[in-house]
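Report on one structure; see the data block that follows.
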Amino acid sequence: MRIFVSAFLLISLLADPAACFVTLVGVRPANARQSALQLRALFPGAAADKTTVFQRQIALPEPAPSRNQLQGKSRIFLDTADRKEWDELLPLGLFYGVTTNPVLLERADQPCTIDGLRDLAISAFGWGMQEFMCQSWGENVADLVRNGEQLASIDPRVIVKVPLTGNGIQAANILSRQGARICTTACYAPHQVVSSVAVGAEYVAPYLGRLIDEGRDGLEEVSQMQQIVDGMNSETRVLVASVRTANQVAVLAADGCSTFTISPKVARELIGDDLTTKAAADFEAAAARMQNGSQRTIGFEM
């Protein structure tokens with residue numbers, strides 16, 4: 001009989017711990033319902049899904065933010081055509097895409113041809129990149145448009161770059177009207193952002209480091225470019241290029257810039273700090289000591 005009662009109480013506790021507790025402590029019927037409701041608040045869902053309070057899944061009071069929400073408007077590109085750098089840096093997961101131009105292609109010994117850029121684009125997409133930027137070329141508008149059309153036809157994720165010259169703006173306008181995605185590049189003045197927005201460029205790329213090299217306040221001018229885009233209520237992104245240090249990225253990000261293309265050197269700076277390296281080493285050393293059985297608590301050997 002005692003075994004039967006114990007088993008009954010155990011089953012009741014698993015099914016509805018609140019009601020069982022009320023029964024066990026002998027709460028008067030007048031107060032039993034209120035007491036049970038109060039206790040069920042401590043064990044939500046226990047009776048409903050027939051699971052114990054130890055086995056049920058804890059539902060968050062509010063859903064955790066999605067990855068897209070956490071990333072905000074940020075987009076970081078890797079500015080190189082060097083496949084060895086891709087192999088090392090793209091697996092980090094920092095990068096939205098890859099940017100190239102004829103100078104970077106030359107440095108990486110990659111051909112500046114439609115077929116060569118198609119091959120690079122396919123490789124970048126194979127790494128999971130969302131976008132690949134490559135630059136059209138030509139001494140006149142017709143050549144810029146013809147090459148731009150061929151680049152755009154590679155894949156919808158290809159962004160065609162054109163320089164912010166008279167011919168480049170005209171080519172950008174034609175290509176944009178045809179549905180090509182455009183990045184105007186080599187931007188050195190805030191008023192060029194206005195031109196880029198006007199022709200429907202998806203990106204405009206100012207060269208921060210080269211502005212500074214010319215003795216100008218590059219950080220202030222790039223911030224002004226972002227303000228122009230915001231003031232024009234445009235979806236054009238200011239793609240900050242020619243970034244020399246990770247700190248420049250941080251300064252401009254704090255000032256509202258969200259889109260950067262960075263060299264491998266700056267990419268490595270962006271993920272590290274000497275103090276972080278030291279802290280990580282301390283964590284690993286502590287974990288190793290505990291794995292070896294030499295645990296310490298509040299400074300004392302255990």
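Ligands are numbered from 1 in the order shown, residues from 1 within each chain, and chains are lettered A, B, ... in the order they appear in the structure tokens.
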Practice problem: Report the residues of segment 18-253 of chain A whose backbone DSSP state falls under strand (DSSP E), written as a count of residues only. | Solution: 33
Write out as a compact mmCIF listing (two decimals) with all heavy atoms, in the first residue's frame each polymer residue whose atoms come within 8 Å of segment 157-160 of chain A, counting only C-alpha atoms; drop sequence neighbours fewer than 5 positions from it.
# COMPACT_ATOMS: atom_id res chain seq x y z
N ALA A 121 34.70 35.53 -60.00
CA ALA A 121 33.36 35.67 -59.42
C ALA A 121 32.82 34.32 -58.96
O ALA A 121 32.29 34.18 -57.85
CB ALA A 121 32.41 36.32 -60.41
N GLN A 130 28.20 37.16 -50.93
CA GLN A 130 26.92 37.64 -51.43
C GLN A 130 27.07 38.50 -52.68
O GLN A 130 26.16 38.57 -53.51
CB GLN A 130 26.20 38.45 -50.35
CG GLN A 130 25.89 37.65 -49.09
CD GLN A 130 24.94 36.51 -49.37
OE1 GLN A 130 23.88 36.70 -49.94
NE2 GLN A 130 25.35 35.31 -48.97
N GLU A 131 28.23 39.17 -52.80
CA GLU A 131 28.46 40.05 -53.95
C GLU A 131 29.93 39.99 -54.37
O GLU A 131 30.82 39.74 -53.55
CB GLU A 131 28.07 41.50 -53.62
CG GLU A 131 26.58 41.69 -53.40
CD GLU A 131 26.20 43.10 -52.99
OE1 GLU A 131 27.10 43.94 -52.80
OE2 GLU A 131 25.00 43.37 -52.83
N PHE A 132 30.14 40.26 -55.66
CA PHE A 132 31.49 40.35 -56.20
C PHE A 132 31.55 41.62 -57.05
O PHE A 132 30.73 41.82 -57.95
CB PHE A 132 31.81 39.13 -57.06
CG PHE A 132 33.14 39.18 -57.76
CD1 PHE A 132 34.31 38.90 -57.06
CD2 PHE A 132 33.23 39.52 -59.10
CE1 PHE A 132 35.55 38.95 -57.70
CE2 PHE A 132 34.46 39.57 -59.75
CZ PHE A 132 35.63 39.29 -59.04
N MET A 133 32.51 42.50 -56.76
CA MET A 133 32.64 43.76 -57.50
C MET A 133 33.86 43.72 -58.41
O MET A 133 34.96 43.35 -57.97
CB MET A 133 32.77 44.94 -56.54
CG MET A 133 31.56 45.20 -55.70
SD MET A 133 31.62 46.87 -54.95
CE MET A 133 30.27 46.74 -53.77
N CYS A 134 33.64 44.08 -59.67
CA CYS A 134 34.74 44.17 -60.62
C CYS A 134 34.51 45.39 -61.51
O CYS A 134 33.37 45.81 -61.71
CB CYS A 134 34.86 42.89 -61.45
SG CYS A 134 33.32 42.34 -62.19
N GLN A 135 35.58 45.92 -62.03
CA GLN A 135 35.52 47.24 -62.68
C GLN A 135 35.54 47.13 -64.20
O GLN A 135 36.34 46.39 -64.78
CB GLN A 135 36.69 48.10 -62.21
CG GLN A 135 36.61 49.55 -62.64
CD GLN A 135 37.51 50.44 -61.82
OE1 GLN A 135 37.69 50.20 -60.63
NE2 GLN A 135 38.09 51.44 -62.44
N SER A 136 34.65 47.89 -64.82
CA SER A 136 34.66 47.99 -66.27
C SER A 136 35.86 48.85 -66.71
O SER A 136 36.44 49.58 -65.90
CB SER A 136 33.36 48.62 -66.77
OG SER A 136 33.32 48.61 -68.19
N GLY A 148 30.94 46.70 -69.28
CA GLY A 148 30.05 46.64 -68.11
C GLY A 148 28.88 45.70 -68.32
O GLY A 148 28.49 44.96 -67.40
N LEU A 151 30.15 42.16 -67.90
CA LEU A 151 30.39 41.84 -66.49
C LEU A 151 29.08 41.62 -65.74
O LEU A 151 28.95 40.68 -64.95
CB LEU A 151 31.19 42.97 -65.83
CG LEU A 151 32.63 43.16 -66.31
CD1 LEU A 151 33.24 44.42 -65.71
CD2 LEU A 151 33.49 41.94 -65.98
N ALA A 152 28.10 42.47 -66.00
CA ALA A 152 26.81 42.34 -65.32
C ALA A 152 26.11 41.04 -65.69
O ALA A 152 25.34 40.49 -64.88
CB ALA A 152 25.92 43.54 -65.66
N ALA A 180 21.75 46.96 -64.61
CA ALA A 180 23.03 46.56 -64.00
C ALA A 180 23.17 47.21 -62.63
O ALA A 180 22.66 48.31 -62.39
CB ALA A 180 24.20 46.95 -64.90
N ARG A 181 23.85 46.54 -61.75
CA ARG A 181 24.12 47.07 -60.41
C ARG A 181 25.47 47.80 -60.46
O ARG A 181 26.47 47.23 -60.90
CB ARG A 181 24.12 45.93 -59.39
CG ARG A 181 22.80 45.16 -59.37
CD ARG A 181 22.88 43.96 -58.47
NE ARG A 181 23.03 44.36 -57.07
CZ ARG A 181 23.30 43.50 -56.08
NH1 ARG A 181 23.48 42.20 -56.34
NH2 ARG A 181 23.40 43.93 -54.84
N ILE A 182 25.49 49.02 -59.96
CA ILE A 182 26.63 49.91 -60.19
C ILE A 182 27.27 50.37 -58.88
O ILE A 182 26.58 50.68 -57.90
CB ILE A 182 26.19 51.16 -60.99
CG1 ILE A 182 25.60 50.75 -62.33
CG2 ILE A 182 27.35 52.13 -61.18
CD1 ILE A 182 26.56 50.01 -63.24
N CYS A 183 28.60 50.42 -58.90
CA CYS A 183 29.38 51.10 -57.85
C CYS A 183 30.24 52.15 -58.54
O CYS A 183 31.10 51.81 -59.36
CB CYS A 183 30.26 50.11 -57.09
SG CYS A 183 31.43 50.90 -55.95
**Study point:** Residues within 8 Å of Met225 of chain A, only C-alpha atoms, excluding chain neighbours under 2 positions, as number ranges by chain
**Key:** A: 190, 193, 221-223, 227-229, 238
Go ahead and write the residues just picked, N, CA and C atoms, as a JSON list (two decimals), in the first residue's frame.
[["chain", "number", "residue", "atom", "x", "y", "z"],
["A", 190, "PRO", "N", 32.74, 65.23, -51.81],
["A", 190, "PRO", "CA", 31.35, 64.98, -51.43],
["A", 190, "PRO", "C", 30.34, 65.22, -52.56],
["A", 193, "VAL", "N", 29.21, 62.32, -54.64],
["A", 193, "VAL", "CA", 28.19, 61.43, -54.09],
["A", 193, "VAL", "C", 26.81, 61.80, -54.63],
["A", 221, "GLU", "N", 35.43, 64.21, -44.43],
["A", 221, "GLU", "CA", 34.80, 64.24, -45.75],
["A", 221, "GLU", "C", 33.98, 62.99, -46.01],
["A", 222, "VAL", "N", 34.47, 61.84, -45.58],
["A", 222, "VAL", "CA", 33.70, 60.61, -45.76],
["A", 222, "VAL", "C", 32.42, 60.66, -44.91],
["A", 223, "SER", "N", 32.53, 61.17, -43.70],
["A", 223, "SER", "CA", 31.33, 61.33, -42.86],
["A", 223, "SER", "C", 30.32, 62.25, -43.53],
["A", 227, "GLN", "N", 26.39, 61.61, -44.74],
["A", 227, "GLN", "CA", 25.30, 62.53, -44.42],
["A", 227, "GLN", "C", 24.53, 62.95, -45.67],
["A", 228, "ILE", "N", 25.24, 63.09, -46.79],
["A", 228, "ILE", "CA", 24.58, 63.45, -48.05],
["A", 228, "ILE", "C", 23.62, 62.35, -48.47],
["A", 229, "VAL", "N", 24.09, 61.10, -48.41],
["A", 229, "VAL", "CA", 23.23, 59.98, -48.78],
["A", 229, "VAL", "C", 22.00, 59.93, -47.88],
["A", 238, "VAL", "N", 27.62, 54.21, -49.02],
["A", 238, "VAL", "CA", 28.97, 54.75, -49.10],
["A", 238, "VAL", "C", 29.93, 53.62, -48.74]]
Judged by only C-alpha atoms, the minimum distance to Ala124 of chain A among A:Ala241, A:Leu78, A:Ile169, A:Val145 is found for A:Leu78
Worksheet item: Got a sec to tell me which of segment 45-232 of chain A DSSP assigns to alpha helix (DSSP H), as an MDAnalysis selection string?
Response: chainID A and resid 67:71 83:89 102:107 114:126 141:152 166:177 190:198 208:213 218:231
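If you look at atom CA of Ile154 of chain A and atom CA of Leu120 of chain A, they are 10.7 Å away from each other.
Residues with any atom within 10 Å of Arg177 of chain A, counting only C-alpha atoms and excluding same-chain neighbours fewer than 6 positions away, are Ala171, Val199 and Gly200 of chain A.
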Residues as selected, all heavy atoms, written as a compact mmCIF listing (two decimals), in the first residue's frame, can you do that?
# COMPACT_ATOMS: atom_id res chain seq x y z
N ALA A 171 28.33 56.27 -68.49
CA ALA A 171 28.23 54.82 -68.60
C ALA A 171 27.42 54.24 -67.45
O ALA A 171 26.59 53.33 -67.64
CB ALA A 171 29.62 54.20 -68.64
N VAL A 199 22.47 59.01 -60.64
CA VAL A 199 22.46 58.04 -61.73
C VAL A 199 22.08 56.64 -61.25
O VAL A 199 22.14 55.67 -62.01
CB VAL A 199 23.82 57.98 -62.46
CG1 VAL A 199 24.14 59.32 -63.11
CG2 VAL A 199 24.95 57.54 -61.51
N GLY A 200 21.69 56.53 -59.99
CA GLY A 200 21.21 55.24 -59.48
C GLY A 200 22.28 54.25 -59.12
O GLY A 200 22.08 53.03 -59.22
| task | Just the residues within 6 Å of segment 58-75 of chain A, please, counting only C-alpha atoms, with nothing from its chain fewer than 4 positions along; format it as a ChimeraX atom specification. | result | /A:96,258-259
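Nearest to Ala250 of chain A of all the residues A:Glu269, A:Ala198, A:Asp109, A:Ile174 is A:Glu269, based on only C-alpha atoms.
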